[in-house]
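Worksheet: the structure to be examined is printed underneath.
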Amino acid sequence: MTSEHTAPVAPRRPAIEVDVVMRREPVSGPMSRWQSWRWVLADVLPCGDPEDTGSVNPDTSHEPQAVEPLQPAADTASTHWLFPRFRVELFRDDAEGYFLNLNSPQPCFWVFWRADEERLLDGEPMAVPQIVTLSYHDAGRWLDAQERVDQVAAADEVVDWLRTFVDATYQPEPKRRKRPDSFKPLTDRFGQPVRISTEKNGTGPRR
């Protein structure tokens, strides 16, 4: 007889599905000489309850569709485009990034997006979201890499869900005690340690 061993299935990470809405709006003022339109993040909309997300197969196509905004735009020329079903996962090793988001004046989603030359609107590239995150660290890395990143306030139920995860996983590092300045080693201008001798030398004047 042979026994079959099945590998343990790793638990799914906490996740939530969201739709991203981008707005294409006309540029006014002097900037309109060089750019007629610009794209901005309009909203990030949770899709259902986070508890149900684990059983949903991720969607990688995110085909955009034109939608009407919940609140009419100030100008009639603006259009809104919904990119469906981005998965926002929470990682235990990034608990600090979520903690920093929660402790900001306004907890938010960050969306990293790029102009897609293969998806055109009136002959111009569309703004296509790439990744959605709730991590302060993720957003910082994207900005450091000169990527396009916009943010929008997270809904109250998302903030509560994120806080539950942070409370269960985040362990702040203990602060190290600062050594008094008197214990700092002396160094020369090249950063090398300085040796101080208390012995009297014999170079003084002879009597």
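Ordering of the structure tokens sets the chain letters (A, B, ...); residue numbers start at 1 within each chain; ligands are numbered from 1 in the order shown.
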
Item checked: Test item: residues at most 10 Å from Arg13 of chain A, only C-alpha atoms, excluding those fewer than 5 positions along its chain, as an MDAnalysis selection string -> chainID A and resid 54 88:92

Export of prior selection with N, CA and C atoms as a PDB file, in the first residue's frame:
```
ATOM      1  N   GLY A  54     -12.023  35.896  -0.754  1.00  0.00           N
ATOM      2  CA  GLY A  54     -11.117  34.767  -0.912  1.00  0.00           C
ATOM      3  C   GLY A  54     -11.600  33.733  -1.905  1.00  0.00           C
ATOM      4  N   VAL A  88      -6.898  43.921  -3.483  1.00  0.00           N
ATOM      5  CA  VAL A  88      -6.022  44.568  -2.510  1.00  0.00           C
ATOM      6  C   VAL A  88      -5.773  43.572  -1.391  1.00  0.00           C
ATOM      7  N   GLU A  89      -4.549  43.039  -1.319  1.00  0.00           N
ATOM      8  CA  GLU A  89      -4.208  42.047  -0.315  1.00  0.00           C
ATOM      9  C   GLU A  89      -3.434  42.700   0.826  1.00  0.00           C
ATOM     10  N   LEU A  90      -3.538  42.103   2.005  1.00  0.00           N
ATOM     11  CA  LEU A  90      -2.807  42.572   3.175  1.00  0.00           C
ATOM     12  C   LEU A  90      -1.719  41.566   3.527  1.00  0.00           C
ATOM     13  N   PHE A  91      -0.495  42.060   3.708  1.00  0.00           N
ATOM     14  CA  PHE A  91       0.655  41.210   3.986  1.00  0.00           C
ATOM     15  C   PHE A  91       1.145  41.472   5.414  1.00  0.00           C
ATOM     16  N   ARG A  92       1.399  40.409   6.141  1.00  0.00           N
ATOM     17  CA  ARG A  92       1.832  40.550   7.533  1.00  0.00           C
ATOM     18  C   ARG A  92       3.138  41.322   7.649  1.00  0.00           C
TER      19      ARG A  92
END
```

Notebook entry, point to check: Suppose you want the space between atom CA of Phe83 of chain A and atom CA of Val149 of chain A; what is it in Å?
Noted result: 15.8 Å

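For the pair atom CA of Phe99 of chain A and atom CA of Thr60 of chain A, the separation is 28.0 Å.
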
Check: If you count only C-alpha atoms, which residues fall within 9 Å of Gln171 of chain A, apart from same-chain ones fewer than 4 positions away, as a list in words?
Finding: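 In the requested format, the answer is Ala95, Glu96, Val166 and Asp167 of chain A.
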
Next item on the list: Just the residues within 10 Å of Trp81 of chain A, please, counting only C-alpha atoms, with nothing from its chain fewer than 2 positions along; format it as a list in words.
Entry: Val20, Val21, Met22, Arg23, Arg24, Leu41, Ala42, Glu63, Pro64, Gln65, Ala66, Val67, Glu68, Pro69, Thr79, Phe83, Pro84, Met126, Ala127 and Val128 of chain A

Keeping C-alpha atoms for every residue in the selection just given, could you write it to a file as an mmCIF file, in the first residue's frame?
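Written file, again_11.cif:
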```cif
data_model
loop_
_atom_site.group_PDB
_atom_site.id
_atom_site.type_symbol
_atom_site.label_atom_id
_atom_site.label_comp_id
_atom_site.auth_asym_id
_atom_site.auth_seq_id
_atom_site.Cartn_x
_atom_site.Cartn_y
_atom_site.Cartn_z
ATOM 1 C CA VAL A 20 -11.064 51.952 -9.699
ATOM 2 C CA VAL A 21 -12.692 54.971 -11.347
ATOM 3 C CA MET A 22 -10.472 57.340 -13.352
ATOM 4 C CA ARG A 23 -11.652 60.741 -14.574
ATOM 5 C CA ARG A 24 -10.589 62.361 -17.837
ATOM 6 C CA LEU A 41 -8.127 59.239 -9.801
ATOM 7 C CA ALA A 42 -11.822 59.739 -9.061
ATOM 8 C CA GLU A 63 -11.501 46.079 -19.073
ATOM 9 C CA PRO A 64 -12.628 49.713 -18.685
ATOM 10 C CA GLN A 65 -16.183 50.863 -19.126
ATOM 11 C CA ALA A 66 -17.638 54.359 -19.261
ATOM 12 C CA VAL A 67 -19.778 55.194 -16.225
ATOM 13 C CA GLU A 68 -21.801 58.079 -14.911
ATOM 14 C CA PRO A 69 -20.400 59.659 -11.717
ATOM 15 C CA THR A 79 -15.741 61.424 -18.566
ATOM 16 C CA PHE A 83 -11.641 49.555 -14.208
ATOM 17 C CA PRO A 84 -13.147 46.556 -12.384
ATOM 18 C CA MET A 126 -5.830 56.032 -21.467
ATOM 19 C CA ALA A 127 -4.777 56.141 -17.828
ATOM 20 C CA VAL A 128 -4.808 52.502 -16.726
#
```

Notebook entry, point to check: How far is it from atom CA of Val44 of chain A to atom CA of Arg12 of chain A, in Å with one decimal?
Noted result: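 Separation between atom CA of Val44 of chain A and atom CA of Arg12 of chain A: 22.7 Å.
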
Notebook entry, point to check: Which residues, written as a PyMOL selection string, have at least one atom at most 7 Å from Trp110 of chain A, with only C-alpha atoms counted and residues fewer than 6 positions away on the same chain left out?
Noted result: chain A and resi 132-134+139+149-152

Next item on the list: Could you please write out, as a PyMOL selection string, every residue of segment 65-126 of chain A that DSSP assigns to alpha helix (DSSP H)?
Entry: chain A and resi 95-102
